[in-house]
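Peer 1: The file below is input.cif, mmCIF, C-alpha atoms and all ligand atoms:
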```
data_model
#
loop_
_atom_site.group_PDB
_atom_site.id
_atom_site.type_symbol
_atom_site.label_atom_id
_atom_site.label_comp_id
_atom_site.auth_asym_id
_atom_site.auth_seq_id
_atom_site.Cartn_x
_atom_site.Cartn_y
_atom_site.Cartn_z
ATOM 1 C CA MET A 2 164.667 156.184 80.839
ATOM 2 C CA LYS A 3 161.623 154.578 82.418
ATOM 3 C CA GLU A 4 158.277 154.445 80.620
ATOM 4 C CA LEU A 5 155.796 157.095 81.724
ATOM 5 C CA MET A 6 153.297 154.675 83.326
ATOM 6 C CA ASP A 7 156.119 152.992 85.251
ATOM 7 C CA ILE A 8 157.218 156.408 86.502
ATOM 8 C CA ILE A 9 153.678 157.401 87.495
ATOM 9 C CA THR A 10 152.902 154.134 89.271
ATOM 10 C CA GLY A 11 156.387 153.629 90.747
ATOM 11 C CA ARG A 12 156.728 157.043 92.409
ATOM 12 C CA ARG A 13 156.270 156.794 96.168
ATOM 13 C CA SER A 14 156.238 159.194 99.075
ATOM 14 C CA VAL A 15 159.664 158.626 100.594
ATOM 15 C CA ARG A 16 160.103 159.347 104.307
ATOM 16 C CA ARG A 17 163.577 157.846 104.906
ATOM 17 C CA TYR A 18 166.675 158.948 102.985
ATOM 18 C CA ARG A 19 170.243 157.718 102.647
ATOM 19 C CA ASP A 20 173.021 160.011 103.799
ATOM 20 C CA GLU A 21 174.048 160.822 100.223
ATOM 21 C CA ALA A 22 174.129 164.252 98.608
ATOM 22 C CA VAL A 23 171.890 165.202 95.710
ATOM 23 C CA GLY A 24 174.115 166.442 92.880
ATOM 24 C CA GLU A 25 173.757 169.888 91.377
ATOM 25 C CA GLU A 26 172.855 168.427 87.985
ATOM 26 C CA ALA A 27 169.988 166.370 89.421
ATOM 27 C CA LEU A 28 168.753 169.378 91.367
ATOM 28 C CA ALA A 29 168.889 171.498 88.205
ATOM 29 C CA GLN A 30 166.762 168.891 86.408
ATOM 30 C CA LEU A 31 164.138 168.990 89.158
ATOM 31 C CA LEU A 32 163.953 172.773 88.901
ATOM 32 C CA GLU A 33 163.774 172.586 85.097
ATOM 33 C CA ALA A 34 160.849 170.144 85.413
ATOM 34 C CA ALA A 35 159.200 172.602 87.783
ATOM 35 C CA ARG A 36 159.752 175.393 85.287
ATOM 36 C CA TRP A 37 157.690 173.601 82.634
ATOM 37 C CA ALA A 38 154.638 172.992 84.809
ATOM 38 C CA GLN A 39 151.359 174.140 83.311
ATOM 39 C CA SER A 40 149.559 176.908 85.191
ATOM 40 C CA TRP A 41 146.529 179.149 85.000
ATOM 41 C CA ALA A 42 147.033 181.462 81.976
ATOM 42 C CA ASN A 43 150.721 180.606 82.308
ATOM 43 C CA THR A 44 150.866 182.780 85.426
ATOM 44 C CA GLN A 45 153.701 180.690 87.005
ATOM 45 C CA CYS A 46 152.982 182.036 90.485
ATOM 46 C CA TRP A 47 155.620 179.844 92.176
ATOM 47 C CA GLU A 48 158.898 180.521 93.971
ATOM 48 C CA ILE A 49 161.130 177.695 95.213
ATOM 49 C CA ILE A 50 163.609 177.941 98.094
ATOM 50 C CA VAL A 51 166.380 175.306 97.983
ATOM 51 C CA VAL A 52 167.246 174.466 101.590
ATOM 52 C CA ARG A 53 170.546 172.770 102.402
ATOM 53 C CA ASP A 54 171.448 174.552 105.648
ATOM 54 C CA ALA A 55 171.165 172.175 108.638
ATOM 55 C CA ALA A 56 169.916 174.871 111.029
ATOM 56 C CA VAL A 57 167.159 175.910 108.611
ATOM 57 C CA LYS A 58 166.107 172.266 108.218
ATOM 58 C CA VAL A 59 165.865 171.864 112.001
ATOM 59 C CA ALA A 60 163.776 175.025 112.286
ATOM 60 C CA LEU A 61 161.435 173.751 109.560
ATOM 61 C CA GLN A 62 161.163 170.389 111.267
ATOM 62 C CA GLU A 63 160.063 172.169 114.432
ATOM 63 C CA ALA A 64 157.138 173.627 112.466
ATOM 64 C CA ILE A 65 155.867 170.111 111.729
ATOM 65 C CA PRO A 66 153.625 168.358 114.285
ATOM 66 C CA GLU A 67 155.011 165.238 115.998
ATOM 67 C CA GLY A 68 152.254 163.086 114.542
ATOM 68 C CA ASN A 69 153.183 163.858 110.945
ATOM 69 C CA PRO A 70 154.895 160.718 109.559
ATOM 70 C CA GLY A 71 157.073 162.883 107.306
ATOM 71 C CA ARG A 72 158.429 165.020 110.144
ATOM 72 C CA ARG A 73 161.738 163.277 110.778
ATOM 73 C CA CYS A 74 162.983 163.293 107.228
ATOM 74 C CA VAL A 75 162.942 167.094 107.060
ATOM 75 C CA GLU A 76 166.130 167.148 109.091
ATOM 76 C CA SER A 77 167.729 164.082 107.488
ATOM 77 C CA ALA A 78 166.981 164.644 103.785
ATOM 78 C CA PRO A 79 169.998 166.117 101.953
ATOM 79 C CA VAL A 80 167.923 168.874 100.398
ATOM 80 C CA LEU A 81 164.474 170.413 100.826
ATOM 81 C CA LEU A 82 162.500 172.345 98.257
ATOM 82 C CA ALA A 83 160.197 174.839 99.941
ATOM 83 C CA VAL A 84 157.512 175.573 97.369
ATOM 84 C CA CYS A 85 155.876 178.984 97.706
ATOM 85 C CA GLY A 86 153.054 180.562 95.740
ATOM 86 C CA LYS A 87 152.001 184.152 95.181
ATOM 87 C CA ARG A 88 148.422 184.799 96.274
ATOM 88 C CA ARG A 89 145.719 186.296 93.990
ATOM 89 C CA VAL A 90 147.462 185.752 90.643
ATOM 90 C CA SER A 91 146.381 182.328 89.412
ATOM 91 C CA GLY A 92 142.672 182.402 88.551
ATOM 92 C CA PHE A 93 142.554 186.197 88.770
ATOM 93 C CA TYR A 94 142.215 188.923 86.148
ATOM 94 C CA GLN A 95 142.788 192.565 87.054
ATOM 95 C CA GLY A 96 142.509 191.689 90.728
ATOM 96 C CA ASN A 97 139.214 189.817 90.421
ATOM 97 C CA ALA A 98 138.683 186.101 90.911
ATOM 98 C CA LEU A 99 137.412 184.521 87.704
ATOM 99 C CA THR A 100 135.840 181.392 89.205
ATOM 100 C CA ARG A 101 134.006 180.318 92.335
ATOM 101 C CA PHE A 102 137.209 178.688 93.545
ATOM 102 C CA GLY A 103 139.023 182.010 93.853
ATOM 103 C CA ASP A 104 142.749 181.370 94.009
ATOM 104 C CA TRP A 105 144.058 178.535 91.784
ATOM 105 C CA MET A 106 147.568 178.861 93.238
ATOM 106 C CA LEU A 107 147.309 175.581 95.178
ATOM 107 C CA PHE A 108 146.240 173.780 92.026
ATOM 108 C CA ASP A 109 149.191 175.136 90.027
ATOM 109 C CA LEU A 110 151.603 174.245 92.811
ATOM 110 C CA GLY A 111 150.152 170.720 92.845
ATOM 111 C CA VAL A 112 150.983 170.357 89.156
ATOM 112 C CA LEU A 113 154.463 171.724 89.765
ATOM 113 C CA THR A 114 155.207 169.431 92.700
ATOM 114 C CA GLN A 115 154.088 166.415 90.667
ATOM 115 C CA ASN A 116 156.529 167.419 87.902
ATOM 116 C CA ILE A 117 159.266 167.509 90.531
ATOM 117 C CA ALA A 118 158.229 164.208 92.151
ATOM 118 C CA LEU A 119 158.052 162.324 88.855
ATOM 119 C CA THR A 120 161.346 163.736 87.617
ATOM 120 C CA ALA A 121 162.985 162.855 90.931
ATOM 121 C CA HIS A 122 161.743 159.295 90.559
ATOM 122 C CA THR A 123 163.201 158.985 87.049
ATOM 123 C CA LEU A 124 166.558 160.044 88.501
ATOM 124 C CA GLY A 125 166.420 157.408 91.250
ATOM 125 C CA LEU A 126 165.591 160.062 93.843
ATOM 126 C CA GLY A 127 162.739 159.961 96.308
ATOM 127 C CA SER A 128 160.575 162.876 97.352
ATOM 128 C CA LEU A 129 157.739 163.765 99.670
ATOM 129 C CA VAL A 130 155.084 166.473 99.581
ATOM 130 C CA LEU A 131 154.531 167.837 103.100
ATOM 131 C CA GLY A 132 151.363 169.821 103.627
ATOM 132 C CA LEU A 133 150.659 169.436 107.338
ATOM 133 C CA PHE A 134 152.783 171.968 109.228
ATOM 134 C CA ASP A 135 152.611 175.405 110.821
ATOM 135 C CA HIS A 136 152.772 177.524 107.672
ATOM 136 C CA ASP A 137 153.259 180.768 109.603
ATOM 137 C CA ALA A 138 156.248 179.370 111.506
ATOM 138 C CA ALA A 139 157.780 178.050 108.273
ATOM 139 C CA ARG A 140 157.160 181.410 106.587
ATOM 140 C CA LYS A 141 159.063 183.170 109.373
ATOM 141 C CA THR A 142 161.977 180.715 109.193
ATOM 142 C CA LEU A 143 162.336 181.181 105.436
ATOM 143 C CA GLY A 144 161.602 184.910 105.267
ATOM 144 C CA VAL A 145 158.725 184.448 102.825
ATOM 145 C CA PRO A 146 157.170 187.838 101.942
ATOM 146 C CA GLU A 147 153.594 188.740 102.943
ATOM 147 C CA ASP A 148 151.927 188.234 99.562
ATOM 148 C CA PHE A 149 153.318 184.693 99.224
ATOM 149 C CA GLU A 150 152.451 181.455 100.998
ATOM 150 C CA ILE A 151 154.787 178.597 101.710
ATOM 151 C CA VAL A 152 152.548 175.743 100.617
ATOM 152 C CA THR A 153 154.676 172.626 100.772
ATOM 153 C CA ILE A 154 158.064 171.432 101.938
ATOM 154 C CA MET A 155 159.503 168.732 99.684
ATOM 155 C CA PRO A 156 162.339 166.616 101.085
ATOM 156 C CA ILE A 157 164.455 165.157 98.259
ATOM 157 C CA GLY A 158 167.090 162.439 98.468
ATOM 158 C CA TYR A 159 168.023 158.835 97.728
ATOM 159 C CA PRO A 160 165.498 156.453 99.334
ATOM 160 C CA ALA A 161 166.793 154.393 102.280
ATOM 161 C CA GLY A 162 164.633 151.424 101.253
ATOM 162 C CA ASP A 163 161.631 150.285 99.281
ATOM 163 C CA VAL A 164 158.274 151.835 100.103
ATOM 164 C CA PRO A 165 155.115 149.763 99.544
ATOM 165 C CA ALA A 166 152.403 151.387 97.454
ATOM 166 C CA PRO A 167 149.350 152.456 99.454
ATOM 167 C CA PRO A 168 146.166 151.040 97.907
ATOM 168 C CA ARG A 169 144.264 152.933 95.240
ATOM 169 C CA ARG A 170 140.569 152.970 94.375
ATOM 170 C CA GLU A 171 139.811 151.005 91.249
ATOM 171 C CA VAL A 172 139.188 153.036 88.084
ATOM 172 C CA ALA A 173 135.567 151.831 88.010
ATOM 173 C CA GLN A 174 135.048 153.255 91.513
ATOM 174 C CA PHE A 175 135.676 156.842 90.427
ATOM 175 C CA THR A 176 134.758 156.828 86.744
ATOM 176 C CA HIS A 177 131.307 157.856 85.561
ATOM 177 C CA GLN A 178 129.811 157.652 82.109
ATOM 178 C CA ASP A 179 128.077 160.723 80.704
ATOM 179 C CA ARG A 180 126.625 161.802 84.117
ATOM 180 C CA PHE A 181 127.936 161.648 87.722
HETATM 181 C C1 LIG B 201 148.966 167.789 99.109
HETATM 182 C C2 LIG B 201 149.668 166.656 99.821
HETATM 183 C C3 LIG B 201 150.048 166.814 101.152
HETATM 184 C C4 LIG B 201 150.711 165.785 101.816
HETATM 185 N N1 LIG B 201 151.149 165.992 103.097
HETATM 186 C C5 LIG B 201 151.841 165.028 103.728
HETATM 187 C C6 LIG B 201 152.354 165.258 105.037
HETATM 188 O O1 LIG B 201 152.204 166.324 105.625
HETATM 189 N N2 LIG B 201 153.043 164.233 105.621
HETATM 190 C C7 LIG B 201 153.260 163.030 105.001
HETATM 191 O O2 LIG B 201 153.919 162.174 105.589
HETATM 192 N N3 LIG B 201 152.795 162.800 103.745
HETATM 193 C C8 LIG B 201 152.085 163.754 103.094
HETATM 194 N N4 LIG B 201 151.631 163.541 101.817
HETATM 195 C C9 LIG B 201 151.889 162.250 101.145
HETATM 196 C C10 LIG B 201 150.636 161.363 101.049
HETATM 197 O O3 LIG B 201 150.353 160.809 102.314
HETATM 198 C C11 LIG B 201 150.875 160.260 99.991
HETATM 199 O O4 LIG B 201 151.019 160.868 98.726
HETATM 200 C C12 LIG B 201 149.744 159.232 99.896
HETATM 201 O O5 LIG B 201 149.640 158.501 101.106
HETATM 202 C C13 LIG B 201 149.937 158.240 98.743
HETATM 203 O O6 LIG B 201 151.192 157.583 98.849
HETATM 204 P P1 LIG B 201 152.254 157.615 97.631
HETATM 205 O O7 LIG B 201 152.615 159.079 97.417
HETATM 206 O O8 LIG B 201 153.442 156.800 98.093
HETATM 207 O O9 LIG B 201 151.595 157.027 96.430
HETATM 208 C C14 LIG B 201 150.972 164.549 101.139
HETATM 209 C C15 LIG B 201 150.605 164.420 99.799
HETATM 210 C C16 LIG B 201 149.977 165.449 99.134
HETATM 211 C C17 LIG B 201 149.626 165.283 97.670
#
```
Any chance you could put this one into structure tokens?
Peer 2:
Amino acid sequence: MKELMDIITGRRSVRRYRDEAVGEEALAQLLEAARWAQSWANTQCWEIIVVRDAAVKVALQEAIPEGNPGRRCVESAPVLLAVCGKRRVSGFYQGNALTRFGDWMLFDLGVLTQNIALTAHTLGLGSLVLGLFDHDAARKTLGVPEDFEIVTIMPIGYPAGDVPAPPRREVAQFTHQDRF
């Protein structure tokens, strides 16, 4: 088992996958990690569609613009997790938004996808969070109901090679003491 900081710093966005299936046990661990994500008032507003069907993958890929560097791996990754969120639950009480940010669903799904990405990395799997695509087209393909959004498509699989780490801002560049 890798140390937590190694897992956090070693996880990369993987856009090329080997032609090797992801086992059911590994997949179950990813979903278990998702299950334990923290969320607003424990609202757990997520639904996850496990996509293995080649025709569904192709249809999802068609919803992604050509310029998106993650487009091609949607078809080639052995499995995709389509992460959906229910609107107006997270950050709401009795139908009213509790904060100026309104819906916290995206935030909760961000936490959940990070749980999945980090767990995948510990298992030797790569993953990618895809946010730039035609969400309405993807919704139609997957039959997502009206009061839900499909927020991200996550390809999962064994990386086809090493991925260099994109640069990060230094801690001192984003850390403030006592006031902004
Ligand atoms: C919310 C979100 C949306 C993203 N959408 C895309 C995407 O549509 N296509 C893509 O290739 N990468 C996408 N990425 C991956 C980022 O480009 C990547 O995380 C960033 O460049 C840092 O690289 P690293 O994940 O390897 O550390 C997305 C990441 C996040 C968190």
Peer 1: On this structure, the PyMOL selection byres (((not hetatm)) within 12 of (chain B and resi 201)) would catch which residues? List them as an MDAnalysis selection string, sorted by chain and number.
Peer 2: chainID A and resid 8:17 62 64:75 84 107:115 118:119 122 127:136 152:156 163:170
Peer 1: Taking all atoms listed in the file into account, name the residue in A:Ala121, A:Ile157, A:Ala139, A:Ile151 that is nearest to Ala34 of chain A.
Peer 2: A:Ala121
Peer 1: Atom CA of Glu33 of chain A and atom CA of Ala78 of chain A are how many Å apart?
Peer 2: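 Taking atom CA of Glu33 of chain A as the start and atom CA of Ala78 of chain A as the end point, the length is 20.6 Å.
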Peer 1: Determine, counting all atoms listed in the file, which protein, DNA and RNA residues have an atom within 7 Å of an atom of segment 18-21 of chain A; residues of the same chain fewer than 4 positions away are not included. Present the result as a list in words.
Peer 2: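 Non-adjacent residues within range: Ser77, Ala78, Pro79, Gly158, Tyr159, Pro160 and Ala161 of chain A.
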Peer 1: Can you work out the spacing between atom CA of Val90 of chain A and atom CA of Leu143 of chain A in Å, to one decimal?
Peer 2: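 According to the coordinates, atom CA of Val90 of chain A and atom CA of Leu143 of chain A are separated by 21.5 Å.
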Peer 1: Once the PyMOL selection byres (((chain A and resi 87) around 8) and not hetatm) has been evaluated on this model, what residues remain selected, and can you format them as a PyMOL selection string?
Peer 2: chain A and resi 46-48+85-86+88-90+106+148-150
